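Novice: Just upload-v3.txt, nothing more (compact mmCIF, C-alpha atoms):
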```txt
# COMPACT_ATOMS: atom_id res chain seq x y z
CA MET A 1 4.95 27.42 -4.21
CA LYS A 2 7.94 26.26 -2.15
CA VAL A 3 7.22 22.77 -0.79
CA GLY A 4 9.02 20.65 1.79
CA PHE A 5 8.38 16.96 1.11
CA PHE A 6 8.35 14.01 3.54
CA GLY A 7 8.17 10.45 2.16
CA THR A 8 9.92 7.11 1.90
CA PRO A 9 8.64 4.30 -0.43
CA GLU A 10 7.98 4.15 -4.18
CA LEU A 11 4.53 5.69 -3.75
CA ALA A 12 6.14 8.78 -2.21
CA ALA A 13 8.92 8.89 -4.80
CA ARG A 14 6.55 8.91 -7.75
CA VAL A 15 4.11 11.41 -6.26
CA MET A 16 7.08 13.66 -5.42
CA ALA A 17 8.32 13.49 -9.02
CA ASP A 18 4.89 14.54 -10.33
CA LEU A 19 4.54 17.28 -7.72
CA ALA A 20 7.99 18.64 -8.64
CA ARG A 21 6.58 19.52 -12.07
CA LEU A 22 4.01 21.76 -10.40
CA HIS A 23 5.87 23.27 -7.45
CA ASP A 24 9.39 23.98 -6.21
CA ILE A 25 10.27 21.15 -3.84
CA VAL A 26 13.01 22.71 -1.72
CA PHE A 27 13.91 19.63 0.32
CA ALA A 28 12.92 15.99 0.80
CA VAL A 29 12.91 14.27 4.20
CA THR A 30 13.22 10.49 3.92
CA ALA A 31 13.90 7.49 6.13
CA GLU A 32 17.54 6.73 6.91
CA ASP A 33 19.43 4.28 4.70
CA LYS A 34 19.00 0.68 5.81
CA ALA A 35 21.19 -2.40 5.58
CA ALA A 36 19.78 -4.87 3.05
CA GLY A 37 20.77 -7.89 0.99
CA ARG A 38 23.18 -10.69 1.72
CA ASN A 39 26.09 -8.29 2.30
CA ARG A 40 23.99 -5.95 4.48
CA GLU A 41 24.97 -2.93 2.42
CA LEU A 42 23.29 0.38 3.17
CA ARG A 43 20.57 1.17 0.65
CA ALA A 44 18.61 4.35 0.10
CA CYS A 45 14.82 4.33 0.00
CA GLU A 46 13.03 5.06 -3.28
CA ALA A 47 12.15 8.64 -2.29
CA LYS A 48 15.77 9.51 -1.53
CA SER A 49 16.96 8.08 -4.84
CA GLU A 50 14.31 10.02 -6.75
CA ALA A 51 15.05 13.26 -4.89
CA LEU A 52 18.74 12.98 -5.72
CA ARG A 53 17.87 12.32 -9.37
CA LEU A 54 15.76 15.47 -9.40
CA GLY A 55 18.44 17.54 -7.64
CA ILE A 56 16.34 18.01 -4.50
CA PRO A 57 18.32 18.35 -1.21
CA VAL A 58 17.75 15.30 1.02
CA LEU A 59 17.48 15.29 4.81
CA GLN A 60 17.54 12.01 6.78
CA PRO A 61 17.18 12.87 10.47
CA SER A 62 17.15 10.14 13.08
CA ARG A 63 14.80 12.33 15.15
CA LEU A 64 12.45 14.97 13.78
CA ASN A 65 12.58 17.12 16.92
CA ASP A 66 16.35 17.49 16.65
CA GLY A 67 17.56 21.11 16.75
CA VAL A 68 19.92 20.67 13.79
CA PHE A 69 17.06 19.31 11.66
CA MET A 70 14.79 22.19 12.65
CA GLU A 71 17.45 24.69 11.62
CA ALA A 72 17.86 22.91 8.30
CA ILE A 73 14.16 23.11 7.40
CA ARG A 74 13.95 26.74 8.53
CA GLY A 75 16.75 27.56 6.12
CA HIS A 76 14.68 26.35 3.14
CA ALA A 77 11.75 28.69 3.92
CA ALA A 78 9.07 26.37 2.54
CA ASP A 79 5.51 27.68 2.26
CA ILE A 80 3.96 24.29 2.98
CA PHE A 81 5.01 20.74 3.87
CA VAL A 82 3.62 17.64 2.14
CA VAL A 83 3.73 14.13 3.63
CA VAL A 84 3.27 10.96 1.56
CA ALA A 85 3.94 7.64 3.33
CA TYR A 86 6.82 8.97 5.42
CA GLY A 87 6.51 6.21 8.02
CA SER A 88 6.84 8.19 11.27
CA LEU A 89 4.64 10.59 13.19
CA ILE A 90 5.62 14.22 12.68
CA PRO A 91 5.78 16.41 15.81
CA ARG A 92 3.83 19.64 16.11
CA ALA A 93 6.99 21.77 16.07
CA VAL A 94 7.58 20.49 12.53
CA PHE A 95 4.08 20.35 11.02
CA ASP A 96 3.14 23.78 12.42
CA HIS A 97 6.29 25.41 11.05
CA PRO A 98 5.35 26.35 7.45
CA PRO A 99 2.89 29.25 6.98
CA LEU A 100 0.29 27.09 5.19
CA GLY A 101 0.68 24.06 7.47
CA THR A 102 1.36 20.45 6.52
CA LEU A 103 -0.69 18.28 4.15
CA ASN A 104 -0.80 14.49 4.17
CA LEU A 105 -1.89 12.27 1.26
CA HIS A 106 -3.57 9.13 2.60
CA PRO A 107 -4.91 6.32 0.35
CA SER A 108 -8.29 5.76 1.97
CA LEU A 109 -11.55 7.60 2.57
CA LEU A 110 -10.72 8.88 6.02
CA PRO A 111 -11.76 8.38 8.75
CA LYS A 112 -11.86 4.75 7.48
CA TYR A 113 -8.57 2.85 7.42
CA ARG A 114 -6.33 5.11 9.43
CA GLY A 115 -2.84 3.72 9.88
CA ALA A 116 -0.61 1.36 7.93
CA ALA A 117 -1.55 -0.53 4.74
CA PRO A 118 -4.95 1.08 3.97
CA ILE A 119 -4.76 -0.07 0.34
CA GLN A 120 -4.28 -3.69 1.35
CA TRP A 121 -6.94 -3.72 4.05
CA ALA A 122 -9.61 -2.18 1.83
CA LEU A 123 -9.05 -5.06 -0.61
CA ILE A 124 -8.81 -7.73 2.10
CA ASN A 125 -12.16 -6.59 3.47
CA GLY A 126 -13.77 -6.65 0.02
CA GLU A 127 -14.75 -2.98 0.00
CA ALA A 128 -16.75 -1.77 -3.02
CA GLU A 129 -14.88 1.53 -2.94
CA THR A 130 -12.01 3.30 -1.27
CA GLY A 131 -10.39 6.63 -2.02
CA ILE A 132 -7.71 9.24 -1.50
CA THR A 133 -7.75 11.89 1.21
CA VAL A 134 -5.70 15.07 1.54
CA GLN A 135 -5.75 16.14 5.18
CA LEU A 136 -4.07 18.72 7.37
CA ILE A 137 -1.81 16.85 9.76
CA ASN A 138 -2.30 16.95 13.50
CA GLU A 139 -0.67 15.04 16.35
CA ARG A 140 -2.96 12.02 16.01
CA LEU A 141 -2.45 9.41 13.32
CA ASP A 142 -4.44 10.25 10.16
CA ALA A 143 -6.96 12.26 12.20
CA GLY A 144 -6.47 15.73 10.73
CA ASP A 145 -9.09 17.92 9.07
CA ILE A 146 -9.95 16.87 5.51
CA VAL A 147 -9.20 19.32 2.70
CA LEU A 148 -10.06 17.10 -0.28
CA GLN A 149 -11.29 13.56 -0.95
CA GLN A 150 -11.73 11.50 -4.08
CA THR A 151 -13.54 8.16 -4.29
CA VAL A 152 -12.02 5.17 -6.12
CA PRO A 153 -14.34 2.27 -7.08
CA LEU A 154 -12.91 -1.22 -6.52
CA THR A 155 -13.55 -4.04 -8.97
CA GLY A 156 -13.49 -7.67 -7.87
CA ASP A 157 -10.18 -8.37 -9.60
CA MET A 158 -8.22 -5.18 -8.79
CA ASN A 159 -5.07 -5.93 -6.82
CA ALA A 160 -2.90 -3.72 -4.62
CA ALA A 161 -0.56 -2.90 -7.50
CA GLY A 162 -3.45 -1.56 -9.59
CA LEU A 163 -4.89 0.48 -6.73
CA ASN A 164 -1.44 1.83 -5.90
CA GLU A 165 -1.09 3.05 -9.50
CA ILE A 166 -4.40 4.91 -9.24
CA VAL A 167 -3.24 6.67 -6.06
CA ILE A 168 0.06 7.60 -7.71
CA SER A 169 -1.60 8.87 -10.88
CA ARG A 170 -3.96 11.15 -8.94
CA GLY A 171 -1.86 12.06 -5.90
CA ALA A 172 0.07 15.07 -7.18
CA ALA A 173 -2.98 16.68 -8.78
CA LEU A 174 -4.97 16.36 -5.55
CA LEU A 175 -2.09 17.79 -3.52
CA ASP A 176 -1.71 20.64 -6.00
CA GLU A 177 -5.42 21.46 -5.73
CA ALA A 178 -5.25 21.42 -1.93
CA ILE A 179 -2.13 23.64 -1.90
CA ARG A 180 -3.84 26.18 -4.16
CA LEU A 181 -6.99 26.18 -2.02
CA LEU A 182 -4.95 26.82 1.12
CA ALA A 183 -2.83 29.51 -0.54
CA SER A 184 -5.90 31.35 -1.84
CA GLY A 185 -7.75 31.10 1.47
CA ASN A 186 -10.56 29.14 -0.17
CA ALA A 187 -9.97 25.83 1.62
CA VAL A 188 -12.74 24.69 3.96
CA PRO A 189 -11.21 21.84 6.02
CA VAL A 190 -13.75 19.41 7.50
CA LYS A 191 -13.26 17.65 10.82
CA GLN A 192 -13.33 13.85 10.69
CA ASP A 193 -16.26 11.98 12.22
CA GLU A 194 -14.58 10.04 15.01
CA SER A 195 -17.57 7.70 15.32
CA LYS A 196 -16.74 6.34 11.85
CA ALA A 197 -12.99 5.95 12.37
CA THR A 198 -11.40 2.56 11.73
CA HIS A 199 -7.76 1.58 12.08
CA CYS A 200 -5.63 -0.90 10.16
CA GLY A 201 -2.32 -2.45 11.14
CA LYS A 202 0.71 -3.64 9.23
CA ILE A 203 0.61 -6.78 7.12
CA ASP A 204 2.54 -9.45 9.02
CA ARG A 205 3.12 -13.14 8.37
CA GLY A 206 -0.02 -14.11 10.24
CA VAL A 207 -2.16 -11.96 7.95
CA ALA A 208 -0.43 -13.19 4.78
CA GLU A 209 -0.83 -16.92 5.48
CA ILE A 210 -3.90 -18.38 3.75
CA ASP A 211 -6.50 -20.07 5.92
CA TRP A 212 -8.13 -22.51 3.50
CA GLY A 213 -11.07 -22.95 5.85
CA LYS A 214 -12.24 -19.42 5.06
CA PRO A 215 -14.73 -18.70 2.25
CA ALA A 216 -13.35 -18.60 -1.30
CA HIS A 217 -14.07 -14.89 -1.75
CA ASP A 218 -12.11 -14.04 1.43
CA ILE A 219 -9.08 -15.94 0.13
CA HIS A 220 -9.41 -14.28 -3.28
CA ASN A 221 -9.48 -10.85 -1.61
CA LEU A 222 -6.39 -11.67 0.45
CA VAL A 223 -4.45 -12.80 -2.62
CA ARG A 224 -5.21 -9.66 -4.62
CA ALA A 225 -4.58 -7.41 -1.61
CA LEU A 226 -1.06 -8.77 -1.08
CA ASN A 227 0.04 -8.60 -4.72
CA PRO A 228 2.76 -7.41 -5.34
CA LYS A 229 3.98 -7.63 -1.74
CA PRO A 230 4.37 -9.43 0.51
CA GLY A 231 2.27 -12.07 -1.28
CA ALA A 232 -0.29 -14.42 0.24
CA PHE A 233 1.29 -17.79 0.98
CA SER A 234 0.59 -21.34 1.97
CA THR A 235 2.57 -24.56 2.38
CA PHE A 236 2.82 -27.37 -0.17
CA ARG A 237 4.80 -30.55 0.46
CA GLY A 238 6.48 -28.85 3.40
CA GLU A 239 7.64 -25.72 1.54
CA ASN A 240 6.23 -22.22 1.33
CA ILE A 241 4.42 -21.34 -1.86
CA LYS A 242 3.11 -17.89 -2.80
CA ILE A 243 -0.26 -17.49 -4.48
CA TRP A 244 -0.23 -14.45 -6.77
CA LYS A 245 -3.49 -14.58 -8.70
CA THR A 246 -6.80 -16.37 -8.23
CA SER A 247 -10.35 -16.27 -9.52
CA LEU A 248 -13.74 -17.39 -8.28
CA PRO A 249 -14.75 -20.19 -10.67
CA SER A 250 -18.30 -20.78 -11.80
CA GLY A 251 -20.10 -23.43 -13.81
CA ASP A 252 -19.92 -27.18 -13.39
CA LEU A 253 -17.53 -27.78 -10.48
CA PRO A 254 -16.83 -30.99 -8.56
CA GLY A 255 -18.55 -31.46 -5.22
CA GLY A 256 -17.07 -32.26 -1.83
CA ALA A 257 -14.47 -29.48 -1.60
CA VAL A 258 -11.90 -30.11 1.15
CA PRO A 259 -10.19 -26.96 2.49
CA GLY A 260 -6.73 -26.86 0.90
CA GLY A 261 -7.41 -29.93 -1.23
CA ILE A 262 -6.02 -29.64 -4.78
CA ILE A 263 -8.11 -30.60 -7.81
CA ARG A 264 -7.03 -30.84 -11.45
CA HIS A 265 -10.25 -29.72 -13.14
CA GLN A 266 -10.93 -30.20 -16.87
CA LYS A 267 -7.27 -31.30 -17.20
CA LYS A 268 -5.91 -27.73 -17.30
CA ARG A 269 -7.36 -25.86 -14.32
CA LEU A 270 -5.89 -25.83 -10.81
CA LEU A 271 -8.56 -25.63 -8.13
CA ALA A 272 -8.18 -25.59 -4.37
CA GLY A 273 -10.90 -26.33 -1.85
CA THR A 274 -11.96 -23.69 0.65
CA GLY A 275 -14.52 -23.36 3.41
CA SER A 276 -17.13 -22.58 0.73
CA GLY A 277 -16.40 -24.43 -2.50
CA TYR A 278 -13.39 -23.87 -4.75
CA ILE A 279 -11.00 -21.12 -5.75
CA GLU A 280 -9.05 -21.30 -9.01
CA ILE A 281 -5.31 -20.61 -8.78
CA LEU A 282 -4.02 -18.81 -11.86
CA LEU A 283 -0.48 -17.82 -10.82
CA LEU A 284 1.69 -19.21 -8.03
CA GLN A 285 5.35 -19.42 -7.07
CA PRO A 286 6.96 -22.32 -5.24
CA ALA A 287 9.95 -21.51 -3.05
CA ASN A 288 13.09 -20.59 -5.04
CA LYS A 289 11.27 -20.93 -8.38
CA LYS A 290 9.76 -18.57 -10.92
CA VAL A 291 6.10 -17.62 -11.05
CA MET A 292 4.09 -20.21 -13.00
CA ASP A 293 0.52 -20.70 -14.11
CA GLY A 294 -1.77 -23.42 -12.80
CA LEU A 295 -1.19 -25.86 -15.67
CA SER A 296 2.60 -25.60 -15.34
CA PHE A 297 2.26 -26.38 -11.64
CA ILE A 298 0.03 -29.37 -12.37
CA ASN A 299 2.45 -30.78 -14.93
CA GLY A 300 5.63 -29.94 -13.05
CA TYR A 301 4.61 -31.42 -9.72
CA ARG A 302 2.69 -34.50 -10.94
CA LEU A 303 -0.07 -33.97 -8.43
CA ALA A 304 -1.29 -36.91 -6.37
CA PRO A 305 -4.94 -37.33 -5.28
CA ASP A 306 -4.12 -36.51 -1.66
CA ASP A 307 -1.98 -33.41 -2.35
CA ARG A 308 -3.14 -30.29 -0.56
CA PHE A 309 -2.16 -26.84 0.53
CA GLU A 310 -1.63 -27.02 4.25
```
What would you get if you wrote out this structure as structure tokens?
Specialist:
Amino acid sequence: MKVGFFGTPELAARVMADLARLHDIVFAVTAEDKAAGRNRELRACEAKSEALRLGIPVLQPSRLNDGVFMEAIRGHAADIFVVVAYGSLIPRAVFDHPPLGTLNLHPSLLPKYRGAAPIQWALINGEAETGITVQLINERLDAGDIVLQQTVPLTGDMNAAGLNEIVISRGAALLDEAIRLLASGNAVPVKQDESKATHCGKIDRGVAEIDWGKPAHDIHNLVRALNPKPGAFSTFRGENIKIWKTSLPSGDLPGGAVPGGIIRHQKKRLLAGTGSGYIEILLLQPANKKVMDGLSFINGYRLAPDDRFE
């Protein structure tokens, strides 16, 4: 099957590479190169770099309804388009163009968690499960008819990196199954239940900053949801510090937890007070330093009784 691919980040790049083993990807549409780094040099996104490595022609239009772009995709005569984390809404003139339509891979059980960062928000909200949906695109964000879904259970310690790997490992196979169902005429797309739709926004600085007055399990969920990026953060001695890994301690713990208050427990364990007891900090990273474990932080910073995360 001849496939036109739309995608931008690492998730898209890796799913595209797997899908290229199953189908002929005739072009890849990615975001434009962006200035990055201290010298503001133009850098390609992960999907563009992977497409070039695979010898797939790359298109980087500034506007998807541009006539030149439309001519370019017509010239490749794709049977179907596939979208994986492209980052922009695709107009009807584009998604209606291929004979079999346009599929989108979305890492949630739609209609829950439409929009940006569904992996992160499922973890932030402490969901027991999430999933992967293959849907036929329409003009509304993540609201198309569902072709396939697969549920993914969430453990209490799974972070965004682990969930992302599950989506990547299953994405191409699910897309391949959906493509074959559509091509054979055996697909039975199901309309989404709008009464169950939820939406999630981007992860900004306000979301990533830890509120120590919240319950310990909420803070734990935030930390694991934002690992590996952007990282949940707090302030210590006036500087930002990222918290990369936590756990919910049990057993004999000191009383009188103060939100943000730091406790050296049993000499080796770093605890922080929350709105409901303590959370144990396993990995953290002070500004301009390497990631360290709790004991290294305790020893390196010579904690005082009144030290706290602010």
Novice: Work out how far apart CA of Ile168 (chain A) and CA of Val82 (chain A) are and give it in Å to one decimal.
Specialist: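 So the two atoms, CA of Ile168 (chain A) and CA of Val82 (chain A), lie 14.5 Å apart.
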Novice: CA of Gly87 (chain A) and CA of Ala160 (chain A), how far apart in Å?
Specialist: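 CA of Gly87 (chain A) lies 18.6 Å from CA of Ala160 (chain A).
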Novice: Between A:His265, A:Arg40, A:Arg92, A:Lys112, which one has atoms that come closest to Gln192 (chain A), using only C-alpha atoms?
Specialist: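 Among the listed residues, the smallest separation from Gln192 (chain A) belongs to A:Lys112.
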Novice: Mind giving me the straight-line distance from CA of Pro57 (chain A) to CA of Gly37 (chain A) in Å, one decimal?
Specialist: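 Spanning CA of Pro57 (chain A) to CA of Gly37 (chain A) is a straight-line distance of 26.4 Å.
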Novice: Skipping near chain neighbours, those fewer than 4 positions away, what residues fall within 12 Å of Ile166 (chain A) using all atoms listed in the file, listed as a VMD selection string?
Specialist: chain A and resid 11 14 to 15 107 to 108 119 130 to 132 150 to 154 158 to 162 170 to 173
Novice: To test the calculation: enclose all listed atoms of region 299-302 of chain A in a box whose edges run along x, y and z, add 4 Å on each side, then state centre and edge lengths in Å to one decimal, as JSON.
Specialist:
```
{"center_x": 4.0, "center_y": -32.2, "center_z": -12.3, "size_x": 11.2, "size_y": 12.6, "size_z": 13.2}
```
Novice: Show which residues sit within 12 Å of Asn299 (chain A), as a ChimeraX atom specification. Count only C-alpha atoms, and ignore same-chain residues fewer than 2 positions away.
Specialist: /A:264,267-270,292-297,301-304
Novice: So, counting only C-alpha atoms, which residue among A:Val29, A:Val223, A:Ala232, A:Val188 is closest to Gly206 (chain A)?
Specialist: A:Ala232
